[in-house]
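Note sheet for the following structure.
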There are 2 protein chains.
Amino acid sequence: MNKKTTIYDIARALGITVSTVSRALNNVPTISEATRQLVLAKAKELNYSVNKIASSLSSGRSNTIGVIVPTMQIHFFAEAVHSIEKELKKHNYSLLLYQSNESYSDEVNGVKTLLEAQVDGIIASLSLETQQIAHFQEVIKQGKSLITFDRTHQDIAAPVVKLNDFEAGYLATKHLIEQGYKKIGFITTNKEIAIFQDRFSGFEAALKEADLPQLDDLIVRGELSIEAGIKGTEQILQSSIQPDAIIGGDDFTAVGIIQALKAAEIAIPATGVIGFANQTFSSFITPTLSSIDQQANKMGEECAKLFLKMVKQKDPYEDIEQVVLDPILIKRKSTCRIDN
Amino acid sequence: MNKKTTIYDIARALGITVSTVSRALNNVPTISEATRQLVLAKAKELNYSVNKIASSLSSGRSNTIGVIVPTMQIHFFAEAVHSIEKELKKHNYSLLLYQSNESYSDEVNGVKTLLEAQVDGIIASLSLETQQIAHFQEVIKQGKSLITFDRTHQDIAAPVVKLNDFEAGYLATKHLIEQGYKKIGFITTNKEIAIFQDRFSGFEAALKEADLPQLDDLIVRGELSIEAGIKGTEQILQSSIQPDAIIGGDDFTAVGIIQALKAAEIAIPATGVIGFANQTFSSFITPTLSSIDQQANKMGEECAKLFLKMVKQKDPYEDIEQVVLDPILIKRKSTCRIDN
DNA sequence: ATGAAAGCGCTAACAT
DNA sequence: ATGTTAGCGCTTTCAT
């Protein structure tokens, strides 16, 4: 493995200086087309390839962005990362990936790692554990572009891309009400995370608007998982009031609800079920599961666009944008009492 | 945003030289514990943080690995990337992600980009389009550690991590045979990709072993998707021979098969269905779908371990390892004629 | 155990 | 349009 060729080699071979070579390679206008061609030809001949590390050190820009997500095992995040990478690649940015694994300390470490790697910015979605946000303040303090999406925190003074989760909860609930459901349960998380709380607020608002009572016996707060959906449903079925619909905090929980209802020989959609996330499997299960689409791809794209806009500005934070995407109701069999 | 503190600042503040500071920060043995502590304390006081770009340029190691996968939209790859990142992070490596989007030219560009970024190695799974592999040869030529997984190419002289796909096809088929199915169909891709061909060979081998005929009318080659599963099943049902089981080239195709059978009012598992990949949804659908698990996590882990081993060697390619993981049969309702 | 100094490969004033 | 020359922040060999 022979030493890699550098711009010095090209310069020497051509009897010119490195600055000229650098200009030719970087399409700097103040250079004659003739020399540019000469340089490009020689570069190709010598199989030259830039060393971006050297370039970054010198220029102060790494053309790399760091992305922190809880885990790629969650489809939503994989999808968002997909879009971010796809979009940013078009503009010559590379993506450094870091998973927090839903751990606060890992997340703190991730920010540190990415900052040390001199990323030009960070796009992050918070871990379930995260309460403090000093690590993110540091990113802003260093003048790097920070964007948080989906799982955000109101004290972070940076642009945000998220779903209108209040609307998501409202939409799901209103849909149930329109289908004639009146005694609606909700199995959600007990964690104080904005998106889940917002969904619940939307649920409350829709009930109030329709003059329906909020039945506390039908509200379960715990985990979000298939298991939690099953347990939650069993608990609800024990209460004095029987629900005619149950909302799952996410699609996994909704699957649990479906399984528990089937086990109790309660027909669906006579009793309705709806979830959040519109996971791939939602359209395959029986009955197909109504859900609220979270627009992972759109979210990723918006994050990327926002980042590109921020890095272009002298002060990335001169105006802090907030992109709120509208949730999309996906009606399927699990809530289709009435034809549509 | 005040200039970041460098090791020069620490050196100046302590009246020592940068080399000493560097030694202290990097746990080089030849330094007194006293000065080390002094340096660490001052570093903390000045809120020092290394510039890994500078460190990389100087040392020649970036502590970054590049990962190329077709797309994070495919759960298997998201899962594999998850494991790679998780494992490598423990050893202080960062992960640069690049998606080929199933395009050959994108993949070539990805290798170029990662090489320019001076990654210490590349872990890749090939795009469906890839036939030529000169871009990967270049990685090897540069002495960087290359590992391909799952979608590999036999002409790449580098370590490989993959599933025993022959065994996967064999296992699935043998399971069906043991359940008493005799007229077994197979809906697979018409693309010449090793893993799919191997699965088919395993299918053939299992039939032969059991002295069962291979019924050409029940073999469909086209795409892999729900749609393809539906169309393929419809085509098979038109033939003179009625199948008593159909294998889907992947779980999506198997879902299509299930839907088509249901539509034709053919009972499952009276007619059996099995897929490959063990997607998340496989255990939620009705009936739950038997499948062959591809061990995405294990594959990612093995890739990471292999990489760590390679970078430790003077010549990464002194022995080219091949890790072949055993597929795991996941028996579910869609093939459970007999109790187990 | 510590210091001095030469790079790593490239960029970007500034000068010509 | 091209050349000259400092760095960018760190590592590492060679002295001491």
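Ligands are numbered from 1 in the order shown, residues from 1 within each chain, and chains are lettered A, B, ... in the order they appear in the structure tokens.
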Using only C-alpha atoms (C1' of nucleotides) and a cut-off of 6 Å, which residues of chain C sit close to chain A? Please list them as a short mmCIF file (atom, residue, chain, number, x, y, z; two decimals) with all heavy atoms, in the first residue's frame.
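File produced: iface28.cif:
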```cif
data_model
loop_
_atom_site.label_atom_id
_atom_site.label_comp_id
_atom_site.auth_asym_id
_atom_site.auth_seq_id
_atom_site.Cartn_x
_atom_site.Cartn_y
_atom_site.Cartn_z
P DG C 9 -0.12 13.10 4.48
OP1 DG C 9 -0.53 11.74 4.07
OP2 DG C 9 1.21 13.61 4.15
"O5'" DG C 9 -1.18 14.14 3.91
"C5'" DG C 9 -2.56 13.91 4.14
"C4'" DG C 9 -3.31 15.18 3.82
"O4'" DG C 9 -2.93 16.20 4.74
"C3'" DG C 9 -3.06 15.74 2.42
"O3'" DG C 9 -4.31 15.87 1.78
"C2'" DG C 9 -2.38 17.08 2.66
"C1'" DG C 9 -2.85 17.43 4.07
N9 DG C 9 -1.95 18.27 4.83
C8 DG C 9 -0.58 18.28 4.79
N7 DG C 9 -0.04 19.15 5.60
C5 DG C 9 -1.13 19.76 6.22
C6 DG C 9 -1.17 20.78 7.21
O6 DG C 9 -0.23 21.36 7.75
N1 DG C 9 -2.48 21.09 7.57
C2 DG C 9 -3.60 20.50 7.04
N2 DG C 9 -4.77 20.92 7.50
N3 DG C 9 -3.57 19.54 6.12
C4 DG C 9 -2.31 19.22 5.76
P DC C 10 -4.54 16.65 0.45
OP1 DC C 10 -5.65 16.00 -0.26
OP2 DC C 10 -3.27 16.90 -0.23
"O5'" DC C 10 -5.11 18.01 1.03
"C5'" DC C 10 -6.29 17.95 1.81
"C4'" DC C 10 -6.57 19.29 2.46
"O4'" DC C 10 -5.42 19.68 3.22
"C3'" DC C 10 -6.84 20.42 1.47
"O3'" DC C 10 -8.20 20.82 1.61
"C2'" DC C 10 -5.89 21.52 1.86
"C1'" DC C 10 -5.34 21.09 3.21
N1 DC C 10 -3.92 21.45 3.40
C2 DC C 10 -3.59 22.46 4.31
O2 DC C 10 -4.50 23.01 4.92
N3 DC C 10 -2.29 22.79 4.48
C4 DC C 10 -1.34 22.16 3.79
N4 DC C 10 -0.07 22.51 4.00
C5 DC C 10 -1.65 21.13 2.84
C6 DC C 10 -2.94 20.81 2.68
P DT C 11 -8.76 21.96 0.65
OP1 DT C 11 -10.20 21.70 0.49
OP2 DT C 11 -7.87 22.12 -0.52
"O5'" DT C 11 -8.58 23.25 1.57
"C5'" DT C 11 -9.28 23.30 2.80
"C4'" DT C 11 -9.07 24.64 3.46
"O4'" DT C 11 -7.67 24.85 3.74
"C3'" DT C 11 -9.53 25.85 2.63
"O3'" DT C 11 -10.16 26.72 3.55
"C2'" DT C 11 -8.22 26.43 2.09
"C1'" DT C 11 -7.25 26.10 3.23
N1 DT C 11 -5.82 25.91 2.88
C2 DT C 11 -4.87 26.56 3.63
O2 DT C 11 -5.15 27.31 4.54
N3 DT C 11 -3.57 26.30 3.28
C4 DT C 11 -3.14 25.46 2.27
O4 DT C 11 -1.94 25.30 2.06
C5 DT C 11 -4.17 24.82 1.52
C7 DT C 11 -3.80 23.89 0.40
C6 DT C 11 -5.46 25.08 1.84
#
```
Determine which residues of range 34-278 of chain A receive a DSSP assignment of helix (DSSP H, G or I), computed from the backbone, and state them as number ranges by chain. A: 34-45, 52-59, 75-89, 104-116, 134-141, 165-178, 194-209, 216-218, 226-238, 251-263
My list of candidates is B:Met310, B:Val81, B:Val160, B:Leu14. Which is closest to chain A when distances are computed with only C-alpha atoms?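 Going through B:Met310, B:Val81, B:Val160, B:Leu14 one by one, the smallest distance to chain A is for B:Val81.
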Go through chain D residue by residue and, counting only C-alpha atoms (C1' of nucleotides), keep those with an atom at most 10 Å from chain A; for each kept residue give the shortest atom pair and its distance in Å to one decimal, ordered by chain and increasing number, as a tab-separated table.
```
residue	atom	partner	partner_atom	distance
D:DA1	C1'	A:Ile31	CA	5.6
D:DT2	C1'	A:Thr20	CA	6.6
D:DG3	C1'	A:Thr17	CA	6.7
D:DT4	C1'	A:Thr17	CA	9.3
D:DG7	C1'	A:Ser58	CA	8.1
D:DC8	C1'	A:Ser58	CA	4.6
D:DG9	C1'	A:Leu57	CA	7.9
```
Once you have the residues from the selection above, write them out as a short mmCIF file (atom, residue, chain, number, x, y, z; two decimals), in the first residue's frame, restricted to all heavy atoms.
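Saved file again_1.cif follows:
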```cif
data_model
loop_
_atom_site.label_atom_id
_atom_site.label_comp_id
_atom_site.auth_asym_id
_atom_site.auth_seq_id
_atom_site.Cartn_x
_atom_site.Cartn_y
_atom_site.Cartn_z
P DA D 1 -8.44 34.94 -13.87
OP1 DA D 1 -9.40 34.63 -14.93
OP2 DA D 1 -8.96 35.02 -12.48
"O5'" DA D 1 -7.33 33.83 -13.90
"C5'" DA D 1 -6.48 33.78 -15.03
"C4'" DA D 1 -5.10 33.50 -14.54
"O4'" DA D 1 -4.70 34.57 -13.62
"C3'" DA D 1 -4.96 32.19 -13.76
"O3'" DA D 1 -3.75 31.57 -14.18
"C2'" DA D 1 -4.90 32.63 -12.30
"C1'" DA D 1 -4.24 33.99 -12.39
N9 DA D 1 -4.64 34.92 -11.32
C8 DA D 1 -5.90 35.26 -10.93
N7 DA D 1 -5.92 36.14 -9.94
C5 DA D 1 -4.58 36.38 -9.66
C6 DA D 1 -3.93 37.19 -8.73
N6 DA D 1 -4.59 37.96 -7.85
N1 DA D 1 -2.58 37.19 -8.71
C2 DA D 1 -1.94 36.44 -9.60
N3 DA D 1 -2.44 35.62 -10.54
C4 DA D 1 -3.77 35.63 -10.51
P DT D 2 -3.39 30.12 -13.78
OP1 DT D 2 -2.59 29.51 -14.85
OP2 DT D 2 -4.60 29.47 -13.28
"O5'" DT D 2 -2.42 30.36 -12.55
"C5'" DT D 2 -1.09 30.79 -12.82
"C4'" DT D 2 -0.43 31.23 -11.54
"O4'" DT D 2 -1.24 32.17 -10.84
"C3'" DT D 2 -0.13 30.11 -10.54
"O3'" DT D 2 1.28 29.90 -10.56
"C2'" DT D 2 -0.60 30.66 -9.19
"C1'" DT D 2 -0.81 32.14 -9.48
N1 DT D 2 -1.83 32.82 -8.66
C2 DT D 2 -1.41 33.69 -7.70
O2 DT D 2 -0.23 33.93 -7.47
N3 DT D 2 -2.43 34.30 -6.98
C4 DT D 2 -3.79 34.12 -7.15
O4 DT D 2 -4.59 34.73 -6.45
C5 DT D 2 -4.16 33.19 -8.18
C7 DT D 2 -5.60 32.93 -8.45
C6 DT D 2 -3.18 32.59 -8.89
P DG D 3 1.96 28.80 -9.64
OP1 DG D 3 3.11 28.22 -10.36
OP2 DG D 3 0.89 27.93 -9.11
"O5'" DG D 3 2.52 29.72 -8.47
"C5'" DG D 3 3.35 30.82 -8.81
"C4'" DG D 3 3.79 31.55 -7.57
"O4'" DG D 3 2.65 32.24 -6.98
"C3'" DG D 3 4.35 30.64 -6.47
"O3'" DG D 3 5.49 31.28 -5.89
"C2'" DG D 3 3.20 30.54 -5.47
"C1'" DG D 3 2.54 31.90 -5.60
N9 DG D 3 1.13 31.94 -5.28
C8 DG D 3 0.12 31.24 -5.89
N7 DG D 3 -1.06 31.50 -5.40
C5 DG D 3 -0.82 32.44 -4.40
C6 DG D 3 -1.72 33.08 -3.52
O6 DG D 3 -2.94 32.96 -3.44
N1 DG D 3 -1.06 33.94 -2.65
C2 DG D 3 0.29 34.15 -2.64
N2 DG D 3 0.75 35.00 -1.72
N3 DG D 3 1.15 33.56 -3.45
C4 DG D 3 0.52 32.72 -4.31
P DT D 4 6.40 30.53 -4.85
OP1 DT D 4 7.81 30.77 -5.22
OP2 DT D 4 5.90 29.15 -4.70
"O5'" DT D 4 6.07 31.29 -3.49
"C5'" DT D 4 5.71 32.65 -3.50
"C4'" DT D 4 5.55 33.13 -2.06
"O4'" DT D 4 4.14 33.19 -1.71
"C3'" DT D 4 6.20 32.24 -1.02
"O3'" DT D 4 6.79 33.04 -0.02
"C2'" DT D 4 5.03 31.40 -0.48
"C1'" DT D 4 3.87 32.40 -0.58
N1 DT D 4 2.52 31.80 -0.79
C2 DT D 4 1.46 32.32 -0.07
O2 DT D 4 1.54 33.22 0.73
N3 DT D 4 0.25 31.74 -0.36
C4 DT D 4 0.01 30.71 -1.26
O4 DT D 4 -1.12 30.29 -1.44
C5 DT D 4 1.18 30.21 -1.95
C7 DT D 4 1.03 29.10 -2.94
C6 DT D 4 2.38 30.77 -1.69
P DG D 7 0.66 32.01 12.09
OP1 DG D 7 -0.78 32.21 12.41
OP2 DG D 7 1.70 32.75 12.81
"O5'" DG D 7 1.04 30.46 12.15
"C5'" DG D 7 0.19 29.52 12.82
"C4'" DG D 7 -1.15 29.43 12.13
"O4'" DG D 7 -0.93 29.11 10.73
"C3'" DG D 7 -2.00 28.31 12.71
"O3'" DG D 7 -3.27 28.80 13.03
"C2'" DG D 7 -2.07 27.24 11.63
"C1'" DG D 7 -1.73 28.00 10.36
N9 DG D 7 -0.95 27.14 9.47
C8 DG D 7 0.43 27.00 9.45
N7 DG D 7 0.82 26.14 8.53
C5 DG D 7 -0.35 25.71 7.92
C6 DG D 7 -0.56 24.78 6.87
O6 DG D 7 0.30 24.15 6.24
N1 DG D 7 -1.91 24.62 6.57
C2 DG D 7 -2.93 25.28 7.20
N2 DG D 7 -4.16 25.00 6.79
N3 DG D 7 -2.76 26.15 8.17
C4 DG D 7 -1.46 26.31 8.48
P DC D 8 -3.90 28.44 14.42
OP1 DC D 8 -4.56 29.66 14.91
OP2 DC D 8 -2.87 27.77 15.23
"O5'" DC D 8 -4.97 27.35 14.07
"C5'" DC D 8 -5.98 27.54 13.09
"C4'" DC D 8 -6.57 26.18 12.78
"O4'" DC D 8 -5.89 25.62 11.65
"C3'" DC D 8 -6.39 25.19 13.94
"O3'" DC D 8 -7.59 25.12 14.68
"C2'" DC D 8 -6.07 23.87 13.25
"C1'" DC D 8 -5.81 24.22 11.79
N1 DC D 8 -4.47 23.83 11.25
C2 DC D 8 -4.36 23.19 10.03
O2 DC D 8 -5.39 22.92 9.40
N3 DC D 8 -3.13 22.87 9.55
C4 DC D 8 -2.04 23.18 10.25
N4 DC D 8 -0.85 22.86 9.73
C5 DC D 8 -2.12 23.85 11.50
C6 DC D 8 -3.35 24.15 11.97
P DG D 9 -7.52 25.44 16.30
OP1 DG D 9 -8.89 25.69 16.73
OP2 DG D 9 -6.45 26.41 16.59
"O5'" DG D 9 -7.06 24.04 16.89
"C5'" DG D 9 -7.88 22.89 16.71
"C4'" DG D 9 -7.08 21.65 17.01
"O4'" DG D 9 -6.01 21.55 16.06
"C3'" DG D 9 -6.44 21.63 18.40
"O3'" DG D 9 -6.88 20.46 19.03
"C2'" DG D 9 -4.95 21.65 18.13
"C1'" DG D 9 -4.87 21.05 16.73
N9 DG D 9 -3.72 21.47 15.94
C8 DG D 9 -3.08 22.68 15.96
N7 DG D 9 -2.07 22.75 15.12
C5 DG D 9 -2.05 21.50 14.50
C6 DG D 9 -1.19 20.98 13.51
O6 DG D 9 -0.25 21.55 12.95
N1 DG D 9 -1.52 19.68 13.17
C2 DG D 9 -2.55 18.96 13.72
N2 DG D 9 -2.72 17.73 13.28
N3 DG D 9 -3.38 19.43 14.66
C4 DG D 9 -3.07 20.70 15.00
#
```
Pull out every residue of chain A that has at least one atom within 7 Å of chain B, counting only C-alpha atoms, and report them as JSON, numbers by chain. {"A": [1, 49, 50, 51, 52, 53, 54, 57, 71, 72, 73, 78, 79, 82, 94, 95, 96, 97, 116, 117, 118, 141, 142, 143, 281, 284, 285, 286]}
Residues of the last selection are to be written out with N, CA and C atoms, as a PDB file, in the first residue's frame.
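Ended up saving to again28.pdb:
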```pdb
ATOM      1  N   MET A   1       0.842  -1.198   0.000  1.00  0.00           N
ATOM      2  CA  MET A   1       0.000   0.000   0.000  1.00  0.00           C
ATOM      3  C   MET A   1       0.874   1.243   0.000  1.00  0.00           C
ATOM      4  N   SER A  49      -7.295  11.417  -4.318  1.00  0.00           N
ATOM      5  CA  SER A  49      -8.560  11.461  -3.582  1.00  0.00           C
ATOM      6  C   SER A  49      -8.361  12.370  -2.385  1.00  0.00           C
ATOM      7  N   VAL A  50      -9.245  13.324  -2.184  1.00  0.00           N
ATOM      8  CA  VAL A  50      -9.040  14.280  -1.081  1.00  0.00           C
ATOM      9  C   VAL A  50      -9.018  13.595   0.257  1.00  0.00           C
ATOM     10  N   ASN A  51      -8.347  14.208   1.162  1.00  0.00           N
ATOM     11  CA  ASN A  51      -8.367  13.792   2.547  1.00  0.00           C
ATOM     12  C   ASN A  51      -9.260  14.804   3.258  1.00  0.00           C
ATOM     13  N   LYS A  52     -10.483  14.390   3.496  1.00  0.00           N
ATOM     14  CA  LYS A  52     -11.441  15.329   4.077  1.00  0.00           C
ATOM     15  C   LYS A  52     -11.095  15.709   5.502  1.00  0.00           C
ATOM     16  N   ILE A  53     -10.375  14.838   6.151  1.00  0.00           N
ATOM     17  CA  ILE A  53      -9.951  15.148   7.519  1.00  0.00           C
ATOM     18  C   ILE A  53      -9.056  16.389   7.497  1.00  0.00           C
ATOM     19  N   ALA A  54      -8.099  16.378   6.606  1.00  0.00           N
ATOM     20  CA  ALA A  54      -7.181  17.515   6.497  1.00  0.00           C
ATOM     21  C   ALA A  54      -7.953  18.761   6.085  1.00  0.00           C
ATOM     22  N   LEU A  57      -9.949  20.072   9.057  1.00  0.00           N
ATOM     23  CA  LEU A  57      -9.121  20.727  10.073  1.00  0.00           C
ATOM     24  C   LEU A  57      -8.776  22.138   9.629  1.00  0.00           C
ATOM     25  N   THR A  71     -33.023   4.528  19.248  1.00  0.00           N
ATOM     26  CA  THR A  71     -32.559   3.264  18.705  1.00  0.00           C
ATOM     27  C   THR A  71     -33.100   3.040  17.296  1.00  0.00           C
ATOM     28  N   MET A  72     -32.283   2.454  16.482  1.00  0.00           N
ATOM     29  CA  MET A  72     -32.714   2.138  15.124  1.00  0.00           C
ATOM     30  C   MET A  72     -33.673   0.961  15.112  1.00  0.00           C
ATOM     31  N   GLN A  73     -33.856   0.340  16.258  1.00  0.00           N
ATOM     32  CA  GLN A  73     -34.798  -0.779  16.306  1.00  0.00           C
ATOM     33  C   GLN A  73     -36.239  -0.296  16.232  1.00  0.00           C
ATOM     34  N   ALA A  78     -35.633   4.675  12.331  1.00  0.00           N
ATOM     35  CA  ALA A  78     -34.884   4.168  11.174  1.00  0.00           C
ATOM     36  C   ALA A  78     -35.350   4.923   9.934  1.00  0.00           C
ATOM     37  N   GLU A  79     -36.636   5.112   9.858  1.00  0.00           N
ATOM     38  CA  GLU A  79     -37.236   5.794   8.722  1.00  0.00           C
ATOM     39  C   GLU A  79     -36.784   7.264   8.676  1.00  0.00           C
ATOM     40  N   HIS A  82     -33.241   7.442   7.660  1.00  0.00           N
ATOM     41  CA  HIS A  82     -33.194   7.192   6.219  1.00  0.00           C
ATOM     42  C   HIS A  82     -33.358   8.490   5.437  1.00  0.00           C
ATOM     43  N   SER A  94     -22.146  14.144   5.302  1.00  0.00           N
ATOM     44  CA  SER A  94     -22.139  12.763   5.756  1.00  0.00           C
ATOM     45  C   SER A  94     -22.832  12.698   7.103  1.00  0.00           C
ATOM     46  N   LEU A  95     -23.280  11.506   7.450  1.00  0.00           N
ATOM     47  CA  LEU A  95     -24.055  11.353   8.668  1.00  0.00           C
ATOM     48  C   LEU A  95     -23.387  10.426   9.672  1.00  0.00           C
ATOM     49  N   LEU A  96     -23.117  10.980  10.824  1.00  0.00           N
ATOM     50  CA  LEU A  96     -22.536  10.220  11.921  1.00  0.00           C
ATOM     51  C   LEU A  96     -23.694   9.802  12.818  1.00  0.00           C
ATOM     52  N   LEU A  97     -23.861   8.508  12.994  1.00  0.00           N
ATOM     53  CA  LEU A  97     -25.012   8.002  13.744  1.00  0.00           C
ATOM     54  C   LEU A  97     -24.674   7.613  15.173  1.00  0.00           C
ATOM     55  N   GLU A 116     -16.878  16.326  19.621  1.00  0.00           N
ATOM     56  CA  GLU A 116     -15.443  16.069  19.452  1.00  0.00           C
ATOM     57  C   GLU A 116     -15.128  15.747  17.988  1.00  0.00           C
ATOM     58  N   ALA A 117     -16.074  15.102  17.348  1.00  0.00           N
ATOM     59  CA  ALA A 117     -15.876  14.752  15.935  1.00  0.00           C
ATOM     60  C   ALA A 117     -16.053  15.980  15.044  1.00  0.00           C
ATOM     61  N   GLN A 118     -16.346  17.102  15.663  1.00  0.00           N
ATOM     62  CA  GLN A 118     -16.474  18.380  14.955  1.00  0.00           C
ATOM     63  C   GLN A 118     -17.602  18.412  13.925  1.00  0.00           C
ATOM     64  N   LYS A 141     -24.368  26.638  22.365  1.00  0.00           N
ATOM     65  CA  LYS A 141     -23.328  27.555  22.825  1.00  0.00           C
ATOM     66  C   LYS A 141     -22.126  27.536  21.879  1.00  0.00           C
ATOM     67  N   GLN A 142     -21.839  26.370  21.333  1.00  0.00           N
ATOM     68  CA  GLN A 142     -20.707  26.284  20.415  1.00  0.00           C
ATOM     69  C   GLN A 142     -21.062  26.796  19.018  1.00  0.00           C
ATOM     70  N   GLY A 143     -22.261  27.300  18.901  1.00  0.00           N
ATOM     71  CA  GLY A 143     -22.652  27.865  17.610  1.00  0.00           C
ATOM     72  C   GLY A 143     -22.949  26.831  16.539  1.00  0.00           C
ATOM     73  N   PHE A 281     -46.722  -3.155  10.257  1.00  0.00           N
ATOM     74  CA  PHE A 281     -47.589  -4.301  10.493  1.00  0.00           C
ATOM     75  C   PHE A 281     -49.058  -3.938  10.652  1.00  0.00           C
ATOM     76  N   PHE A 284     -51.354  -5.316   8.192  1.00  0.00           N
ATOM     77  CA  PHE A 284     -51.328  -6.762   7.951  1.00  0.00           C
ATOM     78  C   PHE A 284     -52.126  -7.541   8.975  1.00  0.00           C
ATOM     79  N   ILE A 285     -52.275  -6.967  10.168  1.00  0.00           N
ATOM     80  CA  ILE A 285     -52.887  -7.743  11.233  1.00  0.00           C
ATOM     81  C   ILE A 285     -54.391  -7.837  11.028  1.00  0.00           C
ATOM     82  N   THR A 286     -55.008  -8.704  11.804  1.00  0.00           N
ATOM     83  CA  THR A 286     -56.442  -8.926  11.680  1.00  0.00           C
ATOM     84  C   THR A 286     -57.128  -8.576  12.976  1.00  0.00           C
TER      85      THR A 286
END
```
Could you please determine the separation between CA of Asp106 in chain B and CA of Leu163 in chain B in Å, to one decimal place?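 Computing it gives 25.2 Å between the two atoms.
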For DC14 in chain D, find every residue with an atom within 12 Å (counting only C-alpha atoms (C1' of nucleotides)), except residues of its own chain fewer than 5 positions away, and show them as a PDB file with N, CA, C and O atoms (P, O5', C5', C4', C3', O3' and C1' of nucleotides), in the first residue's frame.
```pdb
ATOM      1  P    DG C   3       7.757  20.160  30.136  1.00  0.00           P
ATOM      2  O5'  DG C   3       8.797  20.235  28.944  1.00  0.00           O
ATOM      3  C5'  DG C   3      10.164  20.457  29.255  1.00  0.00           C
ATOM      4  C4'  DG C   3      10.952  20.594  27.970  1.00  0.00           C
ATOM      5  C3'  DG C   3      10.303  21.489  26.916  1.00  0.00           C
ATOM      6  O3'  DG C   3      11.315  22.289  26.318  1.00  0.00           O
ATOM      7  C1'  DG C   3      10.676  19.336  25.992  1.00  0.00           C
ATOM      8  P    DA C   4      10.939  23.483  25.352  1.00  0.00           P
ATOM      9  O5'  DA C   4      11.564  23.021  23.960  1.00  0.00           O
ATOM     10  C5'  DA C   4      12.709  22.176  23.921  1.00  0.00           C
ATOM     11  C4'  DA C   4      13.007  21.836  22.469  1.00  0.00           C
ATOM     12  C3'  DA C   4      12.424  22.808  21.443  1.00  0.00           C
ATOM     13  O3'  DA C   4      13.345  22.955  20.384  1.00  0.00           O
ATOM     14  C1'  DA C   4      11.504  20.641  21.099  1.00  0.00           C
ATOM     15  P    DA C   5      13.001  23.910  19.121  1.00  0.00           P
ATOM     16  O5'  DA C   5      12.383  22.845  18.110  1.00  0.00           O
ATOM     17  C5'  DA C   5      13.083  21.605  17.877  1.00  0.00           C
ATOM     18  C4'  DA C   5      12.341  20.840  16.789  1.00  0.00           C
ATOM     19  C3'  DA C   5      11.690  21.733  15.738  1.00  0.00           C
ATOM     20  O3'  DA C   5      11.746  21.046  14.509  1.00  0.00           O
ATOM     21  C1'  DA C   5      10.050  20.401  16.696  1.00  0.00           C
ATOM     22  P    DA C   6      11.767  21.859  13.135  1.00  0.00           P
ATOM     23  O5'  DA C   6      11.520  20.662  12.108  1.00  0.00           O
ATOM     24  C5'  DA C   6      11.962  19.334  12.460  1.00  0.00           C
ATOM     25  C4'  DA C   6      10.872  18.341  12.113  1.00  0.00           C
ATOM     26  C3'  DA C   6      10.130  18.673  10.814  1.00  0.00           C
ATOM     27  O3'  DA C   6       9.949  17.476  10.088  1.00  0.00           O
ATOM     28  C1'  DA C   6       8.575  18.391  12.555  1.00  0.00           C
TER      29       DA C   6
END
```
Selected residue of minimal separation from Gln154 in chain A among A:Ile241, A:Arg337, A:Gln322, A:Ala172, counting only C-alpha atoms: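 Ranked by minimum distance to Gln154 in chain A, first place goes to A:Gln322.
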Quick one: residues within 9 Å of Lys231 in chain A, only C-alpha atoms (C1' of nucleotides), excluding same-chain residues fewer than 4 positions away - as a list in words?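 Here the answer would be Ile226, Glu227, Gln235, Ile236, Gly256, Ile257 and Ala260 of chain A.
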